[in-house]
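Colleague: What follows is target-v6.txt, made up of compact mmCIF, C-alpha atoms:
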# COMPACT_ATOMS: atom_id res chain seq x y z
CA MET M 287 35.08 -13.06 -10.08
CA SER M 288 33.43 -15.58 -12.33
CA ALA M 289 35.37 -17.90 -14.61
CA GLY M 290 36.14 -16.90 -18.21
CA GLU M 291 33.64 -19.40 -19.59
CA ILE M 292 30.84 -17.96 -17.45
CA ASP M 293 31.78 -14.39 -18.40
CA ARG M 294 31.65 -15.36 -22.06
CA LEU M 295 28.19 -16.91 -21.62
CA ILE M 296 26.99 -13.79 -19.78
CA GLY M 297 28.36 -11.56 -22.56
CA LEU M 298 26.48 -13.53 -25.23
CA LEU M 299 23.23 -13.66 -23.25
CA ALA M 300 23.46 -9.88 -22.75
CA ARG M 301 23.25 -9.47 -26.54
CA LEU M 302 19.75 -10.97 -26.62
CA PRO M 303 16.98 -8.36 -26.86
CA GLY M 304 15.41 -7.75 -23.46
CA LEU M 305 18.49 -8.81 -21.49
CA GLY M 306 21.14 -6.40 -20.18
CA PRO M 307 24.37 -7.16 -18.32
CA ARG M 308 22.61 -7.62 -14.97
CA SER M 309 19.76 -9.81 -16.22
CA ALA M 310 22.24 -11.80 -18.34
CA ARG M 311 24.15 -12.61 -15.13
CA ARG M 312 20.91 -13.74 -13.51
CA ALA M 313 20.05 -15.82 -16.58
CA ALA M 314 23.49 -17.46 -16.62
CA LEU M 315 23.23 -18.38 -12.92
CA HIS M 316 19.68 -19.62 -13.50
CA LEU M 317 21.02 -21.90 -16.26
CA LEU M 318 23.97 -23.10 -14.17
CA LYS M 319 21.65 -24.06 -11.33
CA ARG M 320 19.31 -25.98 -13.65
CA ARG M 321 21.58 -28.04 -15.85
CA GLU M 322 19.38 -31.06 -16.48
CA SER M 323 16.07 -29.21 -16.57
CA LEU M 324 17.04 -26.12 -18.58
CA MET M 325 20.66 -25.81 -19.76
CA ASP M 326 20.91 -29.18 -21.52
CA PRO M 327 17.46 -28.86 -23.17
CA LEU M 328 18.34 -25.32 -24.30
CA MET M 329 21.58 -26.55 -25.89
CA GLU M 330 19.65 -29.32 -27.64
CA ALA M 331 16.94 -26.92 -28.83
CA LEU M 332 19.54 -24.49 -30.19
CA GLY M 333 21.27 -27.36 -31.98
CA ALA M 334 17.99 -28.63 -33.46
CA VAL M 335 17.03 -25.16 -34.65
CA ALA M 336 20.48 -24.49 -36.11
CA ALA M 337 20.43 -27.82 -37.93
CA SER M 338 16.92 -27.72 -39.34
CA VAL M 339 15.48 -24.20 -39.61
CA ARG M 340 15.94 -22.51 -42.98
CA LEU M 341 14.37 -19.65 -44.92
CA CYS M 342 11.44 -20.75 -47.07
CA PRO M 343 12.52 -20.19 -50.72
CA VAL M 344 8.98 -19.13 -51.65
CA CYS M 345 7.83 -16.74 -48.92
CA GLY M 346 10.98 -16.09 -46.86
CA THR M 347 9.71 -17.26 -43.46
CA LEU M 348 11.67 -19.51 -41.12
CA ASP M 349 10.68 -23.17 -40.98
CA THR M 350 12.12 -26.68 -40.87
CA ARG M 351 10.49 -27.46 -44.20
CA ALA M 352 11.28 -25.93 -47.59
CA PRO M 353 8.86 -24.74 -48.87
CA CYS M 354 7.45 -23.89 -45.44
CA SER M 355 4.37 -25.54 -43.96
CA ILE M 356 2.20 -22.55 -44.95
CA CYS M 357 3.38 -22.48 -48.58
CA ALA M 358 3.03 -26.29 -48.77
CA ASP M 359 -0.44 -26.39 -47.18
CA PRO M 360 -3.04 -26.94 -49.95
CA ARG M 361 -5.80 -25.59 -47.67
CA ARG M 362 -4.22 -22.10 -47.66
CA ASP M 363 -5.73 -19.75 -50.23
CA GLY M 364 -3.12 -19.19 -52.94
CA THR M 365 -5.01 -16.23 -54.42
CA LEU M 366 -4.27 -14.07 -51.35
CA ILE M 367 -0.75 -12.96 -50.45
CA CYS M 368 -0.09 -11.00 -47.27
CA VAL M 369 3.15 -8.99 -47.34
CA VAL M 370 4.80 -8.54 -43.92
CA ARG M 371 8.02 -6.92 -42.76
CA ASP M 372 9.47 -9.89 -40.91
CA VAL M 373 8.81 -13.30 -39.41
CA ALA M 374 7.63 -11.85 -36.08
CA ASP M 375 4.79 -10.06 -37.90
CA LEU M 376 3.86 -13.29 -39.71
CA TRP M 377 3.73 -15.11 -36.35
CA ALA M 378 1.54 -12.33 -34.92
CA LEU M 379 -0.96 -12.70 -37.79
CA GLU M 380 -0.92 -16.50 -37.47
CA ARG M 381 -1.66 -16.21 -33.74
CA GLY M 382 -4.72 -14.18 -34.71
CA GLY M 383 -5.70 -17.12 -36.90
CA VAL M 384 -8.02 -15.19 -39.23
CA PHE M 385 -5.85 -15.06 -42.35
CA SER M 386 -6.06 -18.16 -44.52
CA GLY M 387 -3.92 -17.03 -47.46
CA ARG M 388 -0.17 -17.16 -47.92
CA TYR M 389 2.61 -14.77 -46.92
CA HIS M 390 5.57 -12.91 -48.29
CA VAL M 391 8.24 -11.85 -45.79
CA LEU M 392 10.25 -8.81 -46.92
CA GLY M 393 12.90 -9.03 -44.20
CA GLY M 394 12.92 -5.24 -43.77
CA LEU M 395 11.51 -1.97 -45.07
CA LEU M 396 12.72 0.55 -47.64
CA SER M 397 14.82 3.14 -45.85
CA ALA M 398 16.88 5.91 -47.41
CA ILE M 399 18.64 6.54 -44.09
CA ASP M 400 19.71 2.91 -43.65
CA GLY M 401 20.42 2.52 -47.37
CA VAL M 402 17.84 -0.24 -47.91
CA GLY M 403 16.64 -0.24 -51.53
CA PRO M 404 14.10 -2.33 -53.50
CA GLU M 405 16.79 -4.85 -54.50
CA ASP M 406 17.69 -5.50 -50.81
CA LEU M 407 14.09 -6.51 -50.09
CA GLY M 408 13.81 -8.66 -53.22
CA LEU M 409 10.78 -6.74 -54.47
CA ASP M 410 11.38 -8.13 -57.99
CA ARG M 411 11.08 -11.63 -56.47
CA LEU M 412 7.72 -10.60 -54.97
CA ALA M 413 6.57 -9.14 -58.32
CA ALA M 414 7.61 -12.33 -60.14
CA ARG M 415 5.80 -14.51 -57.58
CA VAL M 416 2.63 -12.44 -57.94
CA ALA M 417 2.84 -12.54 -61.77
CA GLU M 418 3.37 -16.32 -61.88
CA GLY M 419 0.76 -17.52 -59.44
CA PRO M 420 -3.02 -17.42 -59.19
CA VAL M 421 -2.81 -14.27 -57.04
CA VAL M 422 -5.90 -12.03 -56.98
CA GLU M 423 -5.13 -9.75 -54.04
CA VAL M 424 -2.00 -8.61 -52.23
CA ILE M 425 -2.56 -7.38 -48.66
CA LEU M 426 0.17 -5.06 -47.38
CA ALA M 427 0.34 -5.69 -43.61
CA LEU M 428 3.20 -3.25 -43.07
CA PRO M 429 3.84 -0.97 -40.06
CA ALA M 430 2.02 2.38 -40.02
CA THR M 431 5.36 4.23 -40.03
CA VAL M 432 7.01 6.39 -42.70
CA GLU M 433 9.20 3.46 -43.85
CA GLY M 434 6.27 1.05 -43.78
CA GLN M 435 4.01 3.30 -45.82
CA THR M 436 6.80 4.18 -48.29
CA THR M 437 7.42 0.47 -48.83
CA ALA M 438 3.68 -0.10 -49.26
CA HIS M 439 3.46 2.59 -51.98
CA VAL M 440 6.45 1.21 -53.88
CA ILE M 441 5.00 -2.31 -53.80
CA ALA M 442 1.58 -1.03 -54.89
CA ASP M 443 3.16 0.81 -57.85
CA LEU M 444 4.92 -2.42 -58.80
CA ILE M 445 1.93 -4.76 -58.57
CA GLU M 446 -1.20 -2.76 -59.41
CA PRO M 447 -0.25 -2.42 -63.13
CA LYS M 448 -0.52 -6.22 -63.34
CA GLY M 449 -4.27 -5.91 -62.63
CA ILE M 450 -4.01 -7.29 -59.09
CA THR M 451 -5.86 -5.71 -56.16
CA VAL M 452 -3.53 -4.20 -53.56
CA SER M 453 -4.96 -3.46 -50.10
CA GLY M 454 -3.61 -2.34 -46.74
CA LEU M 455 -4.64 -2.94 -43.13
CA ALA M 456 -7.39 -0.66 -41.82
CA GLN M 457 -6.30 2.15 -39.52
CA GLY M 458 -8.49 3.14 -36.59
CA VAL M 459 -9.29 2.72 -32.92
CA PRO M 460 -7.76 -0.47 -31.42
CA VAL M 461 -10.23 -2.95 -29.89
CA GLY M 462 -10.70 -1.91 -26.25
CA GLY M 463 -9.10 1.47 -26.99
CA GLU M 464 -10.13 4.59 -25.08
CA LEU M 465 -10.48 7.62 -27.38
CA ASP M 466 -9.01 9.80 -24.66
CA TYR M 467 -5.66 7.99 -24.82
CA LEU M 468 -5.36 7.80 -28.62
CA ASP M 469 -3.01 10.04 -30.56
CA ASP M 470 -4.44 12.65 -32.94
CA GLY M 471 -3.22 10.84 -36.05
CA THR M 472 -5.06 7.64 -35.21
CA LEU M 473 -8.24 9.53 -34.28
CA THR M 474 -8.13 11.48 -37.55
CA ALA M 475 -7.60 8.27 -39.54
CA ALA M 476 -10.46 6.55 -37.71
CA LEU M 477 -12.79 9.50 -38.34
CA ARG M 478 -11.90 9.70 -42.05
CA ALA M 479 -12.44 5.96 -42.48
CA ARG M 480 -15.76 5.97 -40.59
CA ARG M 481 -18.29 3.40 -41.71
CA PRO M 482 -22.00 2.62 -41.27
CA VAL M 483 -22.75 0.77 -38.02
CA MET O 95 2.81 -20.71 -37.14
CA SER O 96 6.42 -21.39 -36.27
CA ALA O 97 7.97 -24.84 -36.52
CA GLY O 98 8.02 -27.18 -33.51
CA GLU O 99 11.77 -26.72 -33.03
CA ILE O 100 11.39 -22.93 -32.87
CA ASP O 101 8.45 -23.21 -30.45
CA ARG O 102 10.53 -25.44 -28.21
CA LEU O 103 13.41 -22.94 -28.23
CA ILE O 104 11.00 -20.10 -27.44
CA GLY O 105 9.50 -22.10 -24.56
CA LEU O 106 12.93 -22.71 -23.04
CA LEU O 107 14.08 -19.10 -23.48
CA ALA O 108 10.85 -17.94 -21.80
CA ARG O 109 11.95 -19.81 -18.66
CA LEU O 110 14.99 -17.55 -18.24
CA PRO O 111 14.51 -14.81 -15.64
CA GLY O 112 13.71 -11.50 -17.31
CA LEU O 113 12.22 -13.07 -20.44
CA GLY O 114 8.50 -13.71 -20.96
CA PRO O 115 6.74 -15.38 -23.90
CA ARG O 116 6.89 -12.25 -26.06
CA SER O 117 10.52 -11.35 -25.39
CA ALA O 118 11.47 -15.03 -25.78
CA ARG O 119 9.99 -14.93 -29.29
CA ARG O 120 12.03 -11.82 -30.04
CA ALA O 121 15.16 -13.46 -28.61
CA ALA O 122 14.62 -16.62 -30.70
CA LEU O 123 14.19 -14.58 -33.90
CA HIS O 124 17.24 -12.51 -32.96
CA LEU O 125 19.24 -15.74 -32.63
CA LEU O 126 17.88 -17.19 -35.89
CA LYS O 127 18.89 -14.06 -37.78
CA ARG O 128 22.41 -14.08 -36.32
CA ARG O 129 23.56 -17.67 -36.62
CA GLU O 130 27.30 -17.17 -37.09
CA SER O 131 27.65 -14.13 -34.84
CA LEU O 132 25.43 -15.15 -31.92
CA MET O 133 23.68 -18.54 -32.09
CA ASP O 134 26.76 -20.67 -32.76
CA PRO O 135 28.90 -18.83 -30.16
CA LEU O 136 26.07 -19.17 -27.62
CA MET O 137 25.86 -22.92 -28.22
CA GLU O 138 29.63 -23.19 -27.82
CA ALA O 139 29.60 -21.09 -24.64
CA LEU O 140 26.81 -23.20 -23.14
CA GLY O 141 28.74 -26.35 -24.02
CA ALA O 142 31.97 -25.00 -22.50
CA VAL O 143 30.19 -23.96 -19.31
CA ALA O 144 28.34 -27.27 -19.03
CA ALA O 145 31.57 -29.20 -19.54
CA SER O 146 33.83 -27.26 -17.21
CA VAL O 147 31.95 -25.31 -14.52
CA ARG O 148 31.54 -27.11 -11.20
CA LEU O 149 30.79 -26.20 -7.59
CA CYS O 150 33.93 -25.46 -5.58
CA PRO O 151 34.15 -28.21 -2.90
CA VAL O 152 35.53 -25.70 -0.37
CA CYS O 153 33.35 -22.59 -0.68
CA GLY O 154 30.48 -23.68 -2.94
CA THR O 155 30.91 -21.09 -5.72
CA LEU O 156 30.83 -21.91 -9.43
CA ASP O 157 34.15 -22.08 -11.25
CA THR O 158 36.07 -24.11 -13.81
CA ARG O 159 38.68 -24.97 -11.18
CA ALA O 160 38.21 -27.07 -8.05
CA PRO O 161 39.00 -25.59 -5.59
CA CYS O 162 37.93 -22.32 -7.20
CA SER O 163 40.33 -19.54 -8.16
CA ILE O 164 39.49 -17.60 -4.98
CA CYS O 165 40.04 -20.56 -2.64
CA ALA O 166 43.25 -21.46 -4.51
CA ASP O 167 44.63 -17.90 -4.55
CA PRO O 168 47.38 -17.61 -1.88
CA ARG O 169 47.01 -13.80 -1.86
CA ARG O 170 43.47 -14.05 -0.46
CA ASP O 171 43.30 -13.69 3.32
CA GLY O 172 42.40 -17.09 4.76
CA THR O 173 41.60 -15.63 8.18
CA LEU O 174 38.49 -13.85 6.84
CA ILE O 175 35.46 -15.76 5.57
CA CYS O 176 32.51 -13.92 4.06
CA VAL O 177 29.26 -15.91 4.12
CA VAL O 178 26.87 -15.11 1.23
CA ARG O 179 23.52 -16.50 0.15
CA ASP O 180 24.43 -17.40 -3.40
CA VAL O 181 26.92 -16.99 -6.22
CA ALA O 182 25.29 -13.78 -7.49
CA ASP O 183 26.03 -12.11 -4.13
CA LEU O 184 29.64 -13.32 -4.27
CA TRP O 185 29.98 -11.83 -7.77
CA ALA O 186 28.49 -8.54 -6.51
CA LEU O 187 31.08 -8.33 -3.71
CA GLU O 188 33.90 -9.25 -6.09
CA ARG O 189 32.81 -6.48 -8.48
CA GLY O 190 33.16 -4.09 -5.54
CA GLY O 191 36.72 -5.38 -5.21
CA VAL O 192 37.23 -4.38 -1.58
CA PHE O 193 37.06 -7.80 0.08
CA SER O 194 40.31 -9.73 0.04
CA GLY O 195 39.29 -12.75 2.14
CA ARG O 196 37.56 -15.95 1.11
CA TYR O 197 33.90 -16.86 0.74
CA HIS O 198 31.35 -19.41 1.79
CA VAL O 199 28.26 -19.77 -0.42
CA LEU O 200 25.21 -21.12 1.44
CA GLY O 201 23.06 -21.67 -1.64
CA GLY O 202 19.96 -20.40 0.17
CA LEU O 203 18.60 -19.13 3.47
CA LEU O 204 16.86 -20.83 6.40
CA SER O 205 13.13 -20.71 5.78
CA ALA O 206 10.42 -22.42 7.81
CA ILE O 207 7.86 -21.73 5.05
CA ASP O 208 9.97 -23.32 2.30
CA GLY O 209 11.16 -26.10 4.63
CA VAL O 210 14.86 -25.17 4.39
CA GLY O 211 16.72 -26.29 7.51
CA PRO O 212 20.37 -26.03 8.68
CA GLU O 213 21.24 -29.38 7.08
CA ASP O 214 20.02 -28.16 3.64
CA LEU O 215 22.47 -25.25 3.77
CA GLY O 216 25.35 -27.42 5.02
CA LEU O 217 25.88 -25.24 8.10
CA ASP O 218 27.83 -28.09 9.73
CA ARG O 219 30.20 -27.97 6.74
CA LEU O 220 30.67 -24.23 7.36
CA ALA O 221 31.28 -24.84 11.08
CA ALA O 222 33.83 -27.56 10.28
CA ARG O 223 35.61 -25.32 7.77
CA VAL O 224 35.81 -22.50 10.31
CA ALA O 225 37.07 -24.85 13.04
CA GLU O 226 39.76 -26.39 10.82
CA GLY O 227 41.25 -23.31 9.23
CA PRO O 228 43.09 -20.23 10.40
CA VAL O 229 39.80 -18.28 10.49
CA VAL O 230 39.69 -15.23 12.78
CA GLU O 231 36.50 -13.51 11.60
CA VAL O 232 33.34 -14.59 9.79
CA ILE O 233 31.47 -11.78 8.00
CA LEU O 234 27.80 -12.52 7.40
CA ALA O 235 26.91 -10.69 4.15
CA LEU O 236 23.31 -11.91 4.12
CA PRO O 237 20.19 -10.07 2.95
CA ALA O 238 18.53 -7.70 5.43
CA THR O 239 15.33 -9.78 5.33
CA VAL O 240 13.68 -11.97 7.96
CA GLU O 241 15.18 -15.13 6.42
CA GLY O 242 18.59 -13.50 6.03
CA GLN O 243 18.72 -12.28 9.61
CA THR O 244 17.39 -15.61 10.99
CA THR O 245 20.13 -17.42 9.09
CA ALA O 246 22.71 -14.93 10.39
CA HIS O 247 21.65 -15.55 14.01
CA VAL O 248 21.79 -19.34 13.62
CA ILE O 249 25.27 -19.15 12.09
CA ALA O 250 26.45 -16.76 14.81
CA ASP O 251 25.18 -19.15 17.52
CA LEU O 252 27.09 -21.96 15.80
CA ILE O 253 30.41 -20.16 15.35
CA GLU O 254 30.80 -17.66 18.19
CA PRO O 255 31.28 -20.41 20.84
CA LYS O 256 34.47 -21.38 18.95
CA GLY O 257 35.97 -17.99 19.90
CA ILE O 258 35.70 -16.57 16.38
CA THR O 259 34.46 -13.02 15.71
CA VAL O 260 31.17 -12.92 13.80
CA SER O 261 30.19 -9.65 12.13
CA GLY O 262 27.46 -8.46 9.77
CA LEU O 263 27.25 -5.78 7.08
CA ALA O 264 26.49 -2.27 8.34
CA GLN O 265 22.96 -1.01 7.82
CA GLY O 266 22.37 2.63 6.95
CA VAL O 267 21.86 5.22 4.25
CA PRO O 268 23.02 4.00 0.79
CA VAL O 269 25.72 6.09 -0.91
CA GLY O 270 23.93 8.81 -2.87
CA GLY O 271 20.70 8.10 -0.96
CA GLU O 272 18.17 10.86 -0.28
CA LEU O 273 16.79 10.67 3.29
CA ASP O 274 13.38 11.67 1.96
CA TYR O 275 13.07 8.48 -0.10
CA LEU O 276 14.37 6.04 2.54
CA ASP O 277 12.03 3.73 4.44
CA ASP O 278 11.58 4.22 8.19
CA GLY O 279 13.40 1.00 9.08
CA THR O 280 16.58 2.02 7.27
CA LEU O 281 16.48 5.53 8.74
CA THR O 282 16.01 4.14 12.26
CA ALA O 283 18.90 1.70 11.75
CA ALA O 284 21.13 4.48 10.39
CA LEU O 285 20.29 6.74 13.33
CA ARG O 286 20.94 4.02 15.92
CA ALA O 287 24.28 3.15 14.31
CA ARG O 288 25.38 6.81 14.04
CA ARG O 289 29.09 7.43 14.28
CA PRO O 290 31.49 10.35 14.77
CA VAL O 291 32.22 12.26 11.55
Show me this structure written as structure tokens.
Modeller:
Amino acid sequence: MSAGEIDRLIGLLARLPGLGPRSARRAALHLLKRRESLMDPLMEALGAVAASVRLCPVCGTLDTRAPCSICADPRRDGTLICVVRDVADLWALERGGVFSGRYHVLGGLLSAIDGVGPEDLGLDRLAARVAEGPVVEVILALPATVEGQTTAHVIADLIEPKGITVSGLAQGVPVGGELDYLDDGTLTAALRARRPV
Amino acid sequence: MSAGEIDRLIGLLARLPGLGPRSARRAALHLLKRRESLMDPLMEALGAVAASVRLCPVCGTLDTRAPCSICADPRRDGTLICVVRDVADLWALERGGVFSGRYHVLGGLLSAIDGVGPEDLGLDRLAARVAEGPVVEVILALPATVEGQTTAHVIADLIEPKGITVSGLAQGVPVGGELDYLDDGTLTAALRARRPV
């Protein structure tokens, strides 16, 4: 029998991905037992994020600056644009640290089932950005799913006529991957895209 | 490359039980995408909890009232006190809804390794509460671990001389439990505590 305020907090925590009703209860108790060291800082951090983080008007990522620190960084290569589904994918690529160009965050993928069309993803905005700038190549770093590949084809059809190279991520065996555990589709793709050693 | 504010939020979320660095990133993005529906309510709920939830001075549970709604409820049986390790265990018993007495939350268990002694758990406070009130029976609902059972014995030695009944939870086969999957200790305990059908 917890108080209404605690129940409300538990209910909201349970809506975070990765937390269910039971782990949300544990998280709420964890917070209540660590007010100074965790609960107060978390409230402050949420407030700071809510007050300062906005979508970058150029690429669509989340940042405290507009345009974002990647779009504003003169050291990033403006001739390369990497198209990703969402901010999590951008963060994943940045953690890798090998891409030195700029990004374009779609915020989703084309999906007939979910009723997501080209206008929902702002594909015309992407086309306009590519046409305006010094862009030489657009890299489509989209998921290797039906929706991802459909979206990639639509974007390629939109951009290639402008004389800009459109490429996609290589498909093949993951680093450290055992052939025995790979699915047939990945093995077939890796075999087709074989290259000289 | 997320902004410093977002990194800070991710770092704090990762300290919640059940969330690691990767799921904390997902949770932070989930919050950022749902400002009105989740982030703002979560900030409000944290603020409300921080402002109003306190330890009950009688039993040690967390509530917005002091004494808590259980201690203040005249329908709860004041002759029965159930001793639990922490608030999560109290909530678990209340969800069961079969106990109509009052509680005493220790906030931990005796542990030589972690240096937790009787004074850290306020066992004298428990003894005083039992001596003062109309208490007839103290139920020790403590974990069936070495620390839990050590704590139970120390509390029993403290309270039984006052002429008050001290009992513990029954040990045996869980409801719906298959004998085949039970550990030997539980089976032995269930066999020793067998009862007429």
Colleague: Can you tell me how far atom CA of Ala139 of chain O sits from atom CA of Arg294 of chain M, in Å to one decimal?
Modeller: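 Answer for the atom CA of Ala139 of chain O to atom CA of Arg294 of chain M separation: 6.6 Å.
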Colleague: May I have the residues within 10 Å of Ala479 of chain M as a list in words, using all atoms listed in the file and disregarding those fewer than 3 positions away in the same chain?
Modeller: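 Surrounding residues, per the criterion: Ala456, Gln457, Gly458, Leu473, Thr474, Ala475 and Ala476 of chain M.
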Colleague: Near segment 162-176 of chain O, counting all atoms listed in the file, which residues have an atom at most 8 Å away, once you skip same-chain residues fewer than 2 positions from it, shown as a list in words?
Modeller: Cys150, Val152, Cys153, Thr155, Leu156, Asp157, Thr158, Arg159, Ala160, Val178, Ser194, Gly195, Arg196, Tyr197, His198, Gly227, Pro228, Val229, Val230, Glu231, Val232, Ile233, Leu234 and Ala235 of chain O
Colleague: Show which residues sit within 12 Å of Asp180 of chain O, as a ChimeraX atom specification. Count only C-alpha atoms, and ignore same-chain residues fewer than 2 positions away.
Modeller: /M:312,315-316,319 /O:149,153-156,176-178,182-187,197-203,215,235-237,242
Colleague: Could you please determine the separation between atom CA of Val210 of chain O and atom CA of Arg223 of chain O in Å, to one decimal place?
Modeller: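 One can read the atom CA of Val210 of chain O to atom CA of Arg223 of chain O distance as 21.0 Å.
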